[in-house]
Amino acid sequence: MLAYAARRLMLLPISLFLVALVTFVVLRLTGNPVDIFLDVTSTPEQVAALTEKLHLDEPIPIQFLIFLRDLAQGDFGVSLQFNEPALSTVFQRLGGTLQLAGTGLLIAIVVGVILGLVCAVWRDRFADLAISSVAVAGQSMPSFWLGILLIQLFALKLGWLPTSGAGGWRHMILPAVTLATFLLPNIILITRASVLEMSGEQFVIAARAKGLSRLRVLLTHVLPVSLNPLLSFLGIQIGTLMGGSIITETIFAWPGVGRLMLTSISNRDVPVVEAGVLVIAVGIVLTNLAVDLLQMLIDPRIRRH
Amino acid sequence: MSATTQRPRRALFGKGFKMTLGGGIVLGAVLVAIFAPLIAPYDPYQQSLSMRMKPPAWMTGGSAAHWLGTDAYGRDLLSRLIYGSRLSILVGVTSMLFSCLLGSAAGLIAGYKGGRWEQVIMRFADAQMAFPDILLAILMVAALGGSAVNLIFVLGVSRWMIYARVVFNLTRSLRQRPFVEAATLYGASDRYVVWRHLLPQMVPVLTVVSTLQVAQMVLQETALSYLGLGLPAPTATWGNILSEGSSRLFVAPWIANLAGLAIIILVWGINMLGNGLREHVDPKSRLAPR
């Protein structure tokens with residue numbers, strides 16, 4: 001078990017290195033960094049300062065090492081919009097993104113698992129056909145369009161909820177529901193498939209033969225083992241969740257890292273874009289690690305391979 | 001639990017129905033895209049100050065001159081949607097082909113060579129699974145600006161590992177099949193084995209995966225355009241129309257809604273076709289998550 005955890009931990013620096021490498025290649029090597037970081041009105045002094053800051057006169061491998069050193073120290077340069085270190089700008093908005101992503105994920109899991117269970121229990125009945133068909137159709141739906149429909153219905157037509165922005169819990173409902181729909185269809189279908197698969201296992205038949213009620217068997221024997229495929233799916237989909245969060249923040253003008261990065265692109269504030277991308281990527285890598293280790297604790301069978 | 005009683009699964013739609021309906025929708029969309037200049041009633045970029053934000057014909061204030069109404073610059077929405085289908089389909093198919101080539105080559109090398117190749121390629125694929133394509137798009141657009149080539153590159157690169165995994169697993173299992181082992185024993189070259197024995201076996205599965213991936217690419221393209229990370233503004237893409245429309249939900253909700261409807265019909269059609277094909281190739285796989 002420790003060997004597995006150690007092997008998994010060894011992948012961590014590789015993933016982090018790849019993220020840093022991609023960022024470096026795109027921002028420093030695809031074009032002229034001076035053009036990327038400064039606009040056309042830049043003075044020679046600004047160009048000289050940038051050349052010194054990014055060490056553009058050094059060979060590229062040396063530049064990359066300096067880039068890695070700056071990353072390790074959390075030094076992304078100064079935000080042009082806010083005139084403060086880019087990393088602290090990003091951290092100020094990180095709370096908003098985590099709040100939204102956490103609530104969205106919670107809604108997706110709770111609703112998705114319940115609907116998936118309903119489908120599995122009443123397999124091939126009306127409820128199953130209706131929910132499964134909607135879930136399959138939901139895979140074809142651009143989730144941001146759903147967000148726009150929700151705004152029209154609940155904010156503009158009925159006037160129950162605010163259209164956008166942040167504030168009390170009422171501001172949270174529409175963005176969180178929209179974000180939840182990025183994952184919901186797959187959670188329903190995975191839960192359904194996984195519960196159906198586990199229902200045929202010997203230990204389930206044994207539990208029924210022992211005289212336990214169907215509900216009891218479902219909740220205490222089938223559901224816990226069925227959650228494992230779901231957990232590994234969620235580990236992979238943390239990226240989708242963060243991507244969805246960036247889109248949702250834009251639809252609802254939610255103050256998070258995603259919207260910060262998009263406004264920073266139009267303001268040519270590259271240090272903030274760079275810091276935002278790296279913070280989110282590192283967050284995803286760490287969450288993935290946590291999910292893998294959690295899975296290992298839940299299901300002892302994984303420890304053996 | 002009814003699951004233990006093995007009743008044959010009643011399907012709401014059969015695979016033939018799915019392939020016909022999905023294929024029909026896709027064929028229709030492709031024809032519209034090809035013949036856009038003949039079908040579109042107006043030039044999609046022609047502005048008209050007097051015809052700004054006219055509602056569709058069936059709403060009060062609408063007229064038959066603009067069936068689906070006009071946008072904030074007085075451009076005919078139907079014509080913009082028709083021309084938009086060109087870019088959506090073009091970008092979707094091109095980026096699918098790009099990622100299919102990239103991923104299949106990687107998966108083939110990893111599965112055929114094994115060892116260190118497998119470790120490097122498959123670990124890289126694992127690492128990238130976690131990296132959302134939107135982050136890559138944000139970096140690319142910050143560095144290079146939005147263009148069709150960048151969009152196709154981002155979409156293609158961000159999904160290569162799906163093909164890599166499929167092809168990797170197929171290659172590994174096919175290599176142990178007697179006909180491949182026989183060919184190797186008879187002294188066939190690697191290239192001969194790959195082209196003659198491995199790739200032909202993969203065509204059905206790759207067709208299914210690719211079809212479903214086009215749907216994902218179209219969705220992702222509209223999402224990136226919506227965020228302003230796709231093609232620059234005046235270009236008629238479905239994502240751009242949706243994005244422009246969503247800032248005018250109060251006064252002209254039909255712009256965003258009709259663009260969304262166009263997207264969902266095409267993507268649903270492609271998914272139907274892909275699911276039908278998948279059931280044709282592998283009858284056990286119904287309702288699998290993606």
# chains A, B, ... in the order shown; residues from 1 in each chain; ligands from 1
>>> residues_around(residues="stretch 272-282 of chain B", least_positions_apart="5", cutoff="12 Å", atoms="only C-alpha atoms", output="ChimeraX atom specification")
/A:133,136-137,139-140 /B:11,13-27,201-216,264-267,287-290
>>> interface_residues(of="chain A", to="chain B", cutoff="8 Å", atoms="only C-alpha atoms", output="PyMOL selection string")
chain A and resi 15+18+23+26-27+30-31+36+120-124+129+132+136-137+140-142+144-145+148-149+152+156+186+189-190+193+196+199-200+214+236-240+242-243+247+250+261-262+265+268+270+273-274+277+281+284-285+288
>>> write_last_selection(atoms="C-alpha atoms", output="mmCIF file, in the first residue's frame")
data_model
loop_
_atom_site.group_PDB
_atom_site.id
_atom_site.type_symbol
_atom_site.label_atom_id
_atom_site.label_comp_id
_atom_site.auth_asym_id
_atom_site.auth_seq_id
_atom_site.Cartn_x
_atom_site.Cartn_y
_atom_site.Cartn_z
ATOM 1 C CA SER A 15 2.951 16.287 -13.776
ATOM 2 C CA LEU A 18 4.894 19.100 -17.636
ATOM 3 C CA THR A 23 3.305 27.193 -19.965
ATOM 4 C CA VAL A 26 3.513 28.651 -25.144
ATOM 5 C CA LEU A 27 4.288 31.980 -23.470
ATOM 6 C CA THR A 30 5.775 30.525 -29.626
ATOM 7 C CA GLY A 31 6.315 34.200 -30.405
ATOM 8 C CA ILE A 36 3.313 39.029 -25.764
ATOM 9 C CA ALA A 120 -30.796 1.136 -11.610
ATOM 10 C CA VAL A 121 -33.560 0.095 -9.205
ATOM 11 C CA TRP A 122 -36.378 0.641 -11.684
ATOM 12 C CA ARG A 123 -34.350 -0.555 -14.647
ATOM 13 C CA ASP A 124 -36.219 -0.389 -17.993
ATOM 14 C CA LEU A 129 -36.002 5.407 -19.652
ATOM 15 C CA SER A 132 -31.396 7.933 -19.015
ATOM 16 C CA VAL A 136 -27.891 11.081 -22.897
ATOM 17 C CA ALA A 137 -29.464 14.203 -24.408
ATOM 18 C CA SER A 140 -25.246 16.903 -26.270
ATOM 19 C CA MET A 141 -26.206 20.131 -24.549
ATOM 20 C CA PRO A 142 -23.759 22.994 -24.262
ATOM 21 C CA PHE A 144 -23.353 27.349 -20.970
ATOM 22 C CA TRP A 145 -26.514 27.522 -23.043
ATOM 23 C CA ILE A 148 -28.369 31.273 -20.356
ATOM 24 C CA LEU A 149 -31.783 29.540 -20.358
ATOM 25 C CA GLN A 152 -33.974 33.864 -18.820
ATOM 26 C CA LEU A 156 -35.640 37.684 -16.212
ATOM 27 C CA ASN A 186 -22.119 11.231 -16.761
ATOM 28 C CA LEU A 189 -24.976 7.026 -16.259
ATOM 29 C CA ILE A 190 -21.917 5.816 -14.325
ATOM 30 C CA ALA A 193 -24.101 1.170 -14.826
ATOM 31 C CA LEU A 196 -26.402 -2.640 -12.085
ATOM 32 C CA SER A 199 -26.152 -6.016 -8.147
ATOM 33 C CA GLY A 200 -25.266 -9.322 -9.774
ATOM 34 C CA ARG A 214 -33.696 -4.751 -0.719
ATOM 35 C CA ILE A 236 -10.329 12.605 -14.173
ATOM 36 C CA GLN A 237 -13.133 15.137 -14.430
ATOM 37 C CA ILE A 238 -11.662 17.679 -11.986
ATOM 38 C CA GLY A 239 -10.255 19.311 -15.122
ATOM 39 C CA THR A 240 -13.738 19.458 -16.662
ATOM 40 C CA MET A 242 -12.423 23.724 -13.487
ATOM 41 C CA GLY A 243 -13.016 24.353 -17.211
ATOM 42 C CA ILE A 247 -17.260 29.208 -18.393
ATOM 43 C CA THR A 250 -18.160 34.219 -17.408
ATOM 44 C CA MET A 261 -7.853 35.252 -16.472
ATOM 45 C CA LEU A 262 -10.218 36.119 -19.346
ATOM 46 C CA ILE A 265 -6.184 38.431 -21.641
ATOM 47 C CA ARG A 268 -2.768 42.008 -21.919
ATOM 48 C CA VAL A 270 0.143 38.143 -19.025
ATOM 49 C CA VAL A 273 -2.832 34.744 -16.929
ATOM 50 C CA GLU A 274 0.335 32.764 -16.261
ATOM 51 C CA VAL A 277 -3.181 28.868 -15.304
ATOM 52 C CA ALA A 281 -3.235 23.281 -12.959
ATOM 53 C CA ILE A 284 -5.981 19.856 -10.363
ATOM 54 C CA VAL A 285 -2.829 17.754 -10.055
ATOM 55 C CA ASN A 288 -6.075 14.023 -8.585
#
>>> atom_distance(atom1="atom CA of A:Ala6", atom2="atom CA of B:Gly114")
23.2 Å
>>> atom_distance(atom1="atom CA of B:Leu101", atom2="atom CA of B:Ala188")
23.9 Å
>>> residues_around(residues="A:Ile114", least_positions_apart="5", cutoff="9 Å", atoms="only C-alpha atoms", output="list of chain:residue names")
A:Ile109, A:Cys119, A:Ile188, A:Thr191
>>> write_last_selection(atoms="C-alpha atoms", output="compact mmCIF listing (two decimals), in the first residue's frame")
# COMPACT_ATOMS: atom_id res chain seq x y z
CA ILE A 109 -22.88 14.19 -6.89
CA CYS A 119 -32.52 4.28 -12.85
CA ILE A 188 -26.09 9.47 -13.55
CA THR A 191 -23.87 5.29 -11.10
>>> residues_around(residues="stretch 117-119 of chain B", least_positions_apart="6", cutoff="10 Å", atoms="only C-alpha atoms", output="ChimeraX atom specification")
/B:106-111,125,168
>>> write_last_selection(atoms="N, CA and C atoms", output="short mmCIF file (atom, residue, chain, number, x, y, z; two decimals), in the first residue's frame")
data_model
loop_
_atom_site.label_atom_id
_atom_site.label_comp_id
_atom_site.auth_asym_id
_atom_site.auth_seq_id
_atom_site.Cartn_x
_atom_site.Cartn_y
_atom_site.Cartn_z
N ALA B 106 0.61 7.98 -31.33
CA ALA B 106 1.18 7.83 -29.99
C ALA B 106 0.78 6.49 -29.38
N GLY B 107 -0.51 6.14 -29.49
CA GLY B 107 -0.99 4.90 -28.90
C GLY B 107 -0.38 3.68 -29.56
N LEU B 108 -0.20 3.77 -30.89
CA LEU B 108 0.39 2.66 -31.64
C LEU B 108 1.84 2.44 -31.21
N ILE B 109 2.59 3.53 -31.10
CA ILE B 109 4.00 3.41 -30.69
C ILE B 109 4.07 2.84 -29.28
N ALA B 110 3.24 3.41 -28.36
CA ALA B 110 3.27 2.95 -26.97
C ALA B 110 2.91 1.48 -26.87
N GLY B 111 1.89 1.05 -27.63
CA GLY B 111 1.44 -0.33 -27.53
C GLY B 111 2.36 -1.31 -28.25
N ALA B 125 0.03 11.09 -21.28
CA ALA B 125 -1.41 11.11 -21.51
C ALA B 125 -2.17 11.26 -20.20
N PHE B 168 -3.80 2.23 -27.86
CA PHE B 168 -2.82 1.52 -27.03
C PHE B 168 -3.38 0.16 -26.57
#
>>> residues_around(residues="B:Leu174", least_positions_apart="5", cutoff="9 Å", atoms="only C-alpha atoms", output="PyMOL selection string")
chain B and resi 169+179-180+197-198+201
>>> select_by_dssp(residues="stretch 12-259 of chain A", states="helix (DSSP H, G or I)", output="ChimeraX atom specification")
/A:12-29,33-37,44-54,60-72,86-121,126-138,143-157,169-199,202-209,214-251,257-259
>>> atom_distance(atom1="atom CA of A:Ile131", atom2="atom CA of A:Gly112")
10.4 Å
>>> residues_around(residues="B:Gly230", least_positions_apart="5", cutoff="8 Å", atoms="only C-alpha atoms", output="MDAnalysis selection string")
chainID B and resid 146:148 151 221:222 224:225
>>> residues_around(residues="B:Leu77", least_positions_apart="5", cutoff="10 Å", atoms="only C-alpha atoms", output="compact mmCIF listing (two decimals) with N, CA and C atoms, in the first residue's frame")
# COMPACT_ATOMS: atom_id res chain seq x y z
N ALA B 40 -28.65 30.68 -47.92
CA ALA B 40 -28.79 31.84 -47.04
C ALA B 40 -29.48 32.98 -47.77
N TYR B 42 -29.56 36.15 -47.01
CA TYR B 42 -28.83 37.42 -47.00
C TYR B 42 -27.34 37.14 -46.86
N PRO B 44 -24.31 37.22 -44.55
CA PRO B 44 -24.30 37.14 -43.08
C PRO B 44 -23.59 38.31 -42.41
N MET B 53 -32.26 44.08 -34.32
CA MET B 53 -32.97 43.26 -33.33
C MET B 53 -34.44 43.06 -33.64
N LYS B 54 -34.73 42.69 -34.90
CA LYS B 54 -36.10 42.32 -35.26
C LYS B 54 -36.34 40.89 -34.79
N PRO B 55 -37.48 40.64 -34.13
CA PRO B 55 -37.75 39.28 -33.64
C PRO B 55 -38.09 38.33 -34.79
N PRO B 56 -38.05 37.01 -34.54
CA PRO B 56 -38.39 36.02 -35.57
C PRO B 56 -39.83 36.18 -36.05
N HIS B 66 -37.25 38.42 -42.41
CA HIS B 66 -36.20 37.77 -41.63
C HIS B 66 -36.85 36.69 -40.77
N TRP B 67 -36.87 35.47 -41.27
CA TRP B 67 -37.56 34.37 -40.59
C TRP B 67 -37.15 34.22 -39.13
N LEU B 68 -35.84 34.26 -38.89
CA LEU B 68 -35.36 34.05 -37.52
C LEU B 68 -34.97 35.38 -36.87
N GLY B 69 -35.37 36.50 -37.49
CA GLY B 69 -35.06 37.80 -36.91
C GLY B 69 -33.65 38.25 -37.26
N THR B 70 -33.25 39.35 -36.62
CA THR B 70 -31.93 39.92 -36.87
C THR B 70 -31.20 40.14 -35.56
N ASP B 71 -29.89 40.40 -35.64
CA ASP B 71 -29.12 40.62 -34.41
C ASP B 71 -28.93 42.11 -34.15
N ALA B 72 -28.04 42.45 -33.22
CA ALA B 72 -27.91 43.84 -32.77
C ALA B 72 -27.37 44.76 -33.85
N ILE B 82 -26.62 29.78 -40.81
CA ILE B 82 -26.28 28.90 -41.93
C ILE B 82 -24.78 28.96 -42.22
N TYR B 83 -24.23 30.18 -42.26
CA TYR B 83 -22.79 30.30 -42.49
C TYR B 83 -21.99 29.78 -41.30
N ALA B 236 -18.97 34.76 -38.31
CA ALA B 236 -20.22 34.08 -37.95
C ALA B 236 -19.92 32.65 -37.53
N ILE B 241 -22.17 33.89 -32.16
CA ILE B 241 -23.55 34.37 -32.18
C ILE B 241 -24.16 34.22 -30.79
N TRP B 254 -33.96 35.74 -28.52
CA TRP B 254 -33.98 34.71 -29.57
C TRP B 254 -32.61 34.49 -30.18
N ILE B 255 -31.73 35.50 -30.13
CA ILE B 255 -30.41 35.34 -30.76
C ILE B 255 -29.66 34.20 -30.09
N LEU B 258 -31.67 30.64 -30.39
CA LEU B 258 -31.63 29.95 -31.68
C LEU B 258 -30.23 29.41 -31.97
N ALA B 259 -29.20 30.17 -31.58
CA ALA B 259 -27.84 29.66 -31.77
C ALA B 259 -27.64 28.40 -30.93
